[in-house]
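Engineer: The following file, query.cif, comprises mmCIF, C-alpha atoms:
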data_coords
loop_
_atom_site.label_atom_id
_atom_site.label_comp_id
_atom_site.auth_asym_id
_atom_site.auth_seq_id
_atom_site.Cartn_x
_atom_site.Cartn_y
_atom_site.Cartn_z
CA MET A 260 90.29 -77.86 118.90
CA LEU A 261 89.91 -81.62 119.15
CA LYS A 262 88.43 -82.99 122.34
CA LYS A 263 90.67 -85.36 124.29
CA ILE A 264 89.49 -88.97 124.08
CA SER A 265 88.54 -90.46 127.45
CA TRP A 266 90.54 -93.40 128.79
CA TRP A 267 87.56 -95.74 128.72
CA LYS A 268 87.22 -95.25 124.96
CA TYR A 269 90.78 -96.49 124.47
CA LEU A 270 89.91 -99.41 126.76
CA THR A 271 86.86 -100.16 124.61
CA MET A 272 88.94 -100.31 121.44
CA LEU A 273 91.59 -102.52 123.08
CA LEU A 274 89.01 -104.93 124.49
CA LEU A 275 87.20 -105.29 121.17
CA LEU A 276 90.46 -105.76 119.27
CA TYR A 277 91.45 -108.43 121.79
CA THR A 278 88.02 -110.08 121.46
CA LEU A 279 88.22 -110.15 117.67
CA LEU A 280 91.75 -111.55 117.46
CA ALA A 281 91.58 -113.97 120.40
CA GLY A 282 88.03 -115.03 119.56
CA LEU A 283 89.06 -116.13 116.09
CA LEU A 284 92.58 -117.40 116.74
CA VAL A 285 92.73 -118.90 120.25
CA ASP A 286 91.80 -122.58 120.44
CA VAL A 287 88.44 -123.54 121.91
CA PRO A 288 87.51 -126.92 123.44
CA ASN A 289 86.20 -129.44 120.90
CA MET A 290 82.62 -129.32 122.17
CA LYS A 291 80.89 -132.38 120.74
CA THR A 292 77.91 -132.01 123.06
CA GLY A 293 75.20 -130.06 121.26
CA ASN A 294 77.21 -130.09 118.01
CA LEU A 295 78.98 -126.90 119.08
CA TYR A 296 82.53 -127.66 117.93
CA GLN A 297 84.19 -124.49 116.53
CA THR A 298 80.88 -122.59 116.44
CA ALA A 299 81.47 -122.01 120.16
CA ARG A 300 83.48 -118.98 119.05
CA ALA A 301 80.15 -117.23 118.50
CA LEU A 302 79.94 -117.07 122.30
CA TYR A 303 82.29 -114.07 122.17
CA PHE A 304 79.93 -112.10 119.93
CA HIS A 305 76.37 -113.40 120.34
CA VAL A 306 76.04 -113.56 124.14
CA PRO A 307 77.85 -110.25 124.88
CA MET A 308 75.34 -108.53 122.60
CA TRP A 309 72.52 -109.60 124.91
CA PHE A 310 74.47 -108.64 128.03
CA GLY A 311 75.16 -105.24 126.50
CA MET A 312 71.52 -104.88 125.51
CA SER A 313 70.34 -105.65 129.05
CA ILE A 314 72.76 -103.17 130.63
CA LEU A 315 71.81 -100.43 128.15
CA LEU A 316 68.11 -101.03 128.79
CA LEU A 317 68.80 -100.76 132.52
CA ILE A 318 70.54 -97.43 131.89
CA SER A 319 67.56 -96.38 129.78
CA VAL A 320 64.92 -97.16 132.42
CA VAL A 321 66.98 -95.50 135.19
CA ASN A 322 67.20 -92.30 133.15
CA ALA A 323 63.49 -92.55 132.31
CA ILE A 324 62.70 -92.62 136.04
CA ARG A 325 65.07 -89.69 136.66
CA HIS A 326 63.30 -87.77 133.92
CA LEU A 327 59.91 -88.43 135.50
CA ARG A 328 61.21 -87.16 138.84
CA THR A 329 62.98 -84.03 137.58
CA PHE A 330 61.62 -83.38 134.04
CA ASN A 331 65.22 -82.76 133.01
CA LYS A 332 65.33 -83.22 129.23
CA VAL A 333 68.89 -84.55 129.32
CA TYR A 334 67.72 -87.67 131.17
CA ASP A 335 65.17 -88.25 128.42
CA TYR A 336 67.94 -87.99 125.83
CA TYR A 337 69.93 -90.70 127.63
CA ALA A 338 66.86 -92.89 128.06
CA GLU A 339 66.01 -92.77 124.37
CA ALA A 340 69.61 -93.06 123.13
CA SER A 341 70.39 -96.07 125.34
CA ALA A 342 67.22 -97.81 124.19
CA GLN A 343 68.08 -97.11 120.55
CA VAL A 344 71.55 -98.64 120.82
CA ALA A 345 70.15 -101.53 122.87
CA MET A 346 67.77 -102.36 120.01
CA TRP A 347 70.66 -102.48 117.55
CA PHE A 348 72.44 -104.84 119.93
CA GLY A 349 69.25 -106.90 120.05
CA VAL A 350 69.15 -107.10 116.25
CA LEU A 351 72.79 -108.17 116.16
CA GLY A 352 72.06 -110.71 118.91
CA LEU A 353 69.20 -112.20 116.90
CA VAL A 354 71.27 -112.31 113.69
CA THR A 355 74.35 -113.89 115.30
CA GLY A 356 72.08 -116.29 117.19
CA ALA A 357 70.33 -117.32 113.97
CA ILE A 358 73.66 -117.95 112.26
CA TRP A 359 74.87 -119.98 115.22
CA ALA A 360 71.61 -121.95 115.35
CA LYS A 361 71.87 -122.73 111.64
CA PHE A 362 75.11 -124.63 112.17
CA THR A 363 74.35 -126.23 115.55
CA TRP A 364 70.59 -126.93 115.38
CA GLY A 365 70.14 -127.21 111.62
CA ALA A 366 67.85 -124.19 111.22
CA ALA A 367 68.14 -120.47 111.92
CA TRP A 368 64.87 -120.35 113.88
CA HIS A 369 63.52 -123.26 115.93
CA GLY A 370 60.84 -121.47 117.87
CA ASP A 371 62.89 -122.09 121.00
CA PRO A 372 61.40 -120.36 124.09
CA LYS A 373 64.43 -118.10 124.41
CA GLN A 374 64.30 -117.15 120.72
CA ASN A 375 60.58 -116.38 120.95
CA ALA A 376 61.03 -114.40 124.17
CA ALA A 377 63.82 -112.33 122.61
CA ALA A 378 61.65 -111.54 119.59
CA ILE A 379 58.73 -110.52 121.83
CA ALA A 380 61.01 -108.30 123.92
CA MET A 381 62.19 -106.56 120.76
CA LEU A 382 58.58 -105.91 119.72
CA VAL A 383 57.77 -104.51 123.17
CA TYR A 384 60.55 -101.96 122.83
CA LEU A 385 59.67 -101.26 119.20
CA ALA A 386 56.35 -99.99 120.53
CA TYR A 387 58.35 -97.58 122.73
CA PHE A 388 59.75 -95.83 119.66
CA VAL A 389 56.41 -95.90 117.86
CA LEU A 390 54.84 -94.22 120.89
CA ARG A 391 57.48 -91.48 120.93
CA SER A 392 57.01 -90.70 117.25
CA ALA A 393 53.20 -90.82 117.43
CA LEU A 394 52.90 -87.99 119.96
CA GLU A 395 53.36 -84.51 118.50
CA ASP A 396 53.93 -82.69 121.79
CA PRO A 397 57.63 -83.31 122.73
CA GLU A 398 57.00 -82.87 126.46
CA LYS A 399 54.06 -85.26 126.48
CA ALA A 400 56.00 -87.75 124.32
CA SER A 401 58.96 -87.77 126.72
CA ARG A 402 56.77 -88.27 129.82
CA ILE A 403 54.47 -90.95 128.41
CA SER A 404 57.36 -92.84 126.79
CA ALA A 405 59.26 -92.73 130.10
CA ILE A 406 56.31 -94.39 131.82
CA TYR A 407 56.13 -96.99 129.06
CA ASN A 408 59.90 -97.53 129.39
CA VAL A 409 59.41 -98.67 132.99
CA PHE A 410 56.66 -101.05 131.86
CA ALA A 411 58.77 -102.40 128.99
CA PHE A 412 61.75 -103.15 131.25
CA ALA A 413 59.48 -104.89 133.74
CA VAL A 414 58.32 -107.13 130.89
CA TYR A 415 61.82 -107.60 129.43
CA ILE A 416 63.42 -109.16 132.52
CA PRO A 417 60.94 -112.08 132.89
CA LEU A 418 60.92 -112.66 129.12
CA ILE A 419 64.69 -113.00 128.83
CA TYR A 420 65.86 -114.30 132.20
CA ILE A 421 62.96 -116.10 133.89
CA LEU A 422 60.36 -117.63 131.54
CA PRO A 423 62.84 -119.49 129.25
CA ARG A 424 64.27 -121.24 132.31
CA LEU A 425 60.86 -122.56 133.31
CA THR A 426 60.34 -124.47 130.05
CA ASP A 427 62.30 -126.93 127.91
CA SER A 428 64.92 -125.19 125.83
CA ILE A 429 67.80 -126.22 123.61
CA HIS A 430 69.83 -123.20 124.67
CA PRO A 431 72.88 -124.05 126.84
CA GLY A 432 72.06 -123.58 130.50
CA ASN A 433 68.29 -123.78 129.99
CA GLY A 434 65.73 -126.58 130.20
CA GLY A 435 68.17 -129.01 131.79
CA ASN A 436 70.87 -128.47 129.13
CA PRO A 437 74.37 -127.98 130.53
CA GLY A 438 75.87 -124.51 130.32
CA PHE A 439 79.28 -123.55 129.04
CA ASN A 440 80.84 -123.84 132.48
CA SER A 441 80.53 -127.63 132.32
CA TYR A 442 82.40 -127.62 129.00
CA ASP A 443 84.97 -124.93 129.70
CA LEU A 444 87.07 -126.67 132.32
CA ASP A 445 90.35 -124.90 131.50
CA GLY A 446 88.84 -121.41 131.67
CA ASN A 447 90.39 -120.26 128.39
CA MET A 448 87.08 -119.16 126.97
CA ARG A 449 86.26 -117.12 130.07
CA LYS A 450 89.44 -115.10 129.50
CA ILE A 451 87.94 -113.90 126.23
CA PHE A 452 84.25 -113.94 127.08
CA TYR A 453 84.31 -111.52 130.03
CA PRO A 454 86.46 -108.90 128.26
CA ALA A 455 84.10 -109.26 125.30
CA VAL A 456 81.09 -108.47 127.49
CA ILE A 457 82.81 -105.38 128.90
CA GLY A 458 84.04 -104.25 125.47
CA TRP A 459 80.69 -104.57 123.68
CA THR A 460 78.87 -102.90 126.58
CA LEU A 461 81.30 -99.96 126.61
CA LEU A 462 80.89 -99.64 122.85
CA GLY A 463 77.12 -99.44 123.30
CA TRP A 464 77.51 -96.74 125.93
CA TRP A 465 79.92 -94.87 123.64
CA PHE A 466 77.33 -94.88 120.84
CA SER A 467 74.68 -93.74 123.33
CA THR A 468 76.75 -90.71 124.36
CA LEU A 469 77.24 -89.79 120.71
CA LEU A 470 73.48 -89.94 120.12
CA VAL A 471 72.90 -87.74 123.17
CA ARG A 472 75.34 -85.16 121.82
CA LEU A 473 73.49 -85.17 118.50
CA LYS A 474 70.15 -84.71 120.29
CA LYS A 475 71.54 -81.77 122.28
CA ILE A 476 72.88 -80.13 119.11
CA LYS A 477 69.56 -80.62 117.34
CA ALA A 478 67.63 -79.20 120.31
CA LYS A 479 69.95 -76.18 120.44
CA GLN A 480 69.51 -75.54 116.71
CA GLU A 481 65.73 -75.82 117.01
CA ASN A 482 65.76 -73.41 119.95
CA ILE A 483 67.85 -70.90 118.00
CA GLN A 484 65.54 -71.19 115.00
CA TYR A 485 62.49 -70.75 117.25
CA THR A 486 64.04 -67.66 118.87
CA LYS A 487 64.78 -66.11 115.47
CA THR A 488 61.22 -66.78 114.34
CA ILE A 489 59.83 -65.05 117.44
CA GLU A 490 62.14 -62.06 116.94
CA VAL A 491 61.10 -61.66 113.31
CA ALA A 492 57.42 -61.95 114.23
CA SER A 493 57.77 -59.36 117.00
CA LYS A 494 59.34 -56.70 114.77
CA PRO A 495 56.93 -54.01 113.57
CA GLN A 496 55.96 -54.41 109.94
CA ILE A 497 56.69 -51.27 107.91
CA GLN A 498 54.62 -51.01 104.77
CA ASP A 499 55.89 -49.17 101.75
CA THR A 500 53.89 -46.16 100.83
CA LEU A 501 53.85 -44.52 97.44
#
Translate this structure into structure tokens?

Structural biologist:
Amino acid sequence: MLKKISWWKYLTMLLLLYTLLAGLLVDVPNMKTGNLYQTARALYFHVPMWFGMSILLLISVVNAIRHLRTFNKVYDYYAEASAQVAMWFGVLGLVTGAIWAKFTWGAAWHGDPKQNAAAIAMLVYLAYFVLRSALEDPEKASRISAIYNVFAFAVYIPLIYILPRLTDSIHPGNGGNPGFNSYDLDGNMRKIFYPAVIGWTLLGWWFSTLLVRLKKIKAKQENIQYTKTIEVASKPQIQDTL
């Protein structure tokens, strides 16, 4: 029997469909400053990826802390799954940002402080997954990686939201450059941007819940297999006699 789809999943699909159609078809201001022009449409895809990534990483670190307090394996599943989806959002954010930079700045990678900080943040979280896979004991891996998750998030916030604002940057809203609010006087872009942020974030959470379900199924199968192995080993061995 098929499981009923939750209302927020329908909302996710509607918001993303709206973002795709409105983002490509609705007129945007002719932004001559910064050579943005029609590339400003990337705002609906590039920036929401980073918002979604940040929210998913927040969900991940909260569940990591809950796991450390209760040792409930389900919290560890959510911590790992949210971080996994967040990394995919980070990859998409870097790719869409590189494409946008190619048209507006003339090169895909300028070594801009925000670009460098994003790349460093991705490497910090890559170490999180390496750490999980390097430890053979599942319980030890979940606890140590949860501690590292807290450290990684504490590093992520300054890298993305604080340090780039303290140095010169060619990103809008950083280093003295005007943000989109100074361009977007009619508010048309905000009508698409905010739904895009919500839609992409909900999609990331949706993927996270699917990964958690897969982890639960895998754990259940492993437990069943382990139980069968114990039962077979505990049975008395009857040798054939001639």

Engineer: Evaluating the PyMOL selection byres ((chain A and resi 335-344) around 6) on the displayed file yields which residues, as a PyMOL selection string?

Structural biologist: chain A and resi 315-316+319+322-323+326+332-334+345-347+467+470-471

Engineer: Kindly extract all protein, DNA and RNA residues lying within 10 Å of the coordinates (75.4, -111.4, 121.2) given in the file, considering only C-alpha atoms, and supply them as a ChimeraX atom specification.

Structural biologist: /A:301-312,348-356,455-456,459

Engineer: What is the distance, in Å and to one decimal place, between CA of Ala400 in chain A and CA of Pro417 in chain A?

Structural biologist: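 About the pair CA of Ala400 in chain A and CA of Pro417 in chain A: they are 26.3 Å apart.
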
Engineer: I need the output of the PyMOL selection byres ((chain A and resi 458) around 12) for this file as a PyMOL selection string; which residues are they?

Structural biologist: chain A and resi 267-279+303-304+307-308+310-311+451-457+459-465

Engineer: To one decimal place, how far is CA of Lys474 in chain A from CA of Asp396 in chain A in Å?

Structural biologist: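 CA of Asp396 in chain A lies at a distance of 16.4 Å from CA of Lys474 in chain A.
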
Engineer: Between A:His430, A:Ala377, A:Asp371, A:Leu317, which one has atoms that come closest to Val409 in chain A, using all atoms listed in the file?

Structural biologist: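 Nearest to Val409 in chain A: A:Leu317.
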
Engineer: Excluding same-chain residues fewer than 4 positions from Ile419 in chain A, what lies within 10 Å of it counting all atoms listed in the file, as a count of residues only?

Structural biologist: 15

Engineer: Quick check, in Å to one decimal: how far apart do CA of Trp368 in chain A and CA of Gln297 in chain A lie?

Structural biologist: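 Result for CA of Trp368 in chain A versus CA of Gln297 in chain A: 19.9 Å, one decimal.
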
Engineer: Return as a PyMOL selection string the set of residues that the PyMOL selection byres ((chain A and resi 406) around 12) yields on the displayed structure.

Structural biologist: chain A and resi 319-328+335+338+387+390-391+399-405+407-413

Engineer: Select, from A:Lys361, A:Lys477, A:Lys263, A:Arg300, the residue with the minimum atom-to-atom distance to Val285 in chain A, counting only C-alpha atoms.

Structural biologist: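 Residue with the minimum atom-to-atom distance to Val285 in chain A: A:Arg300.
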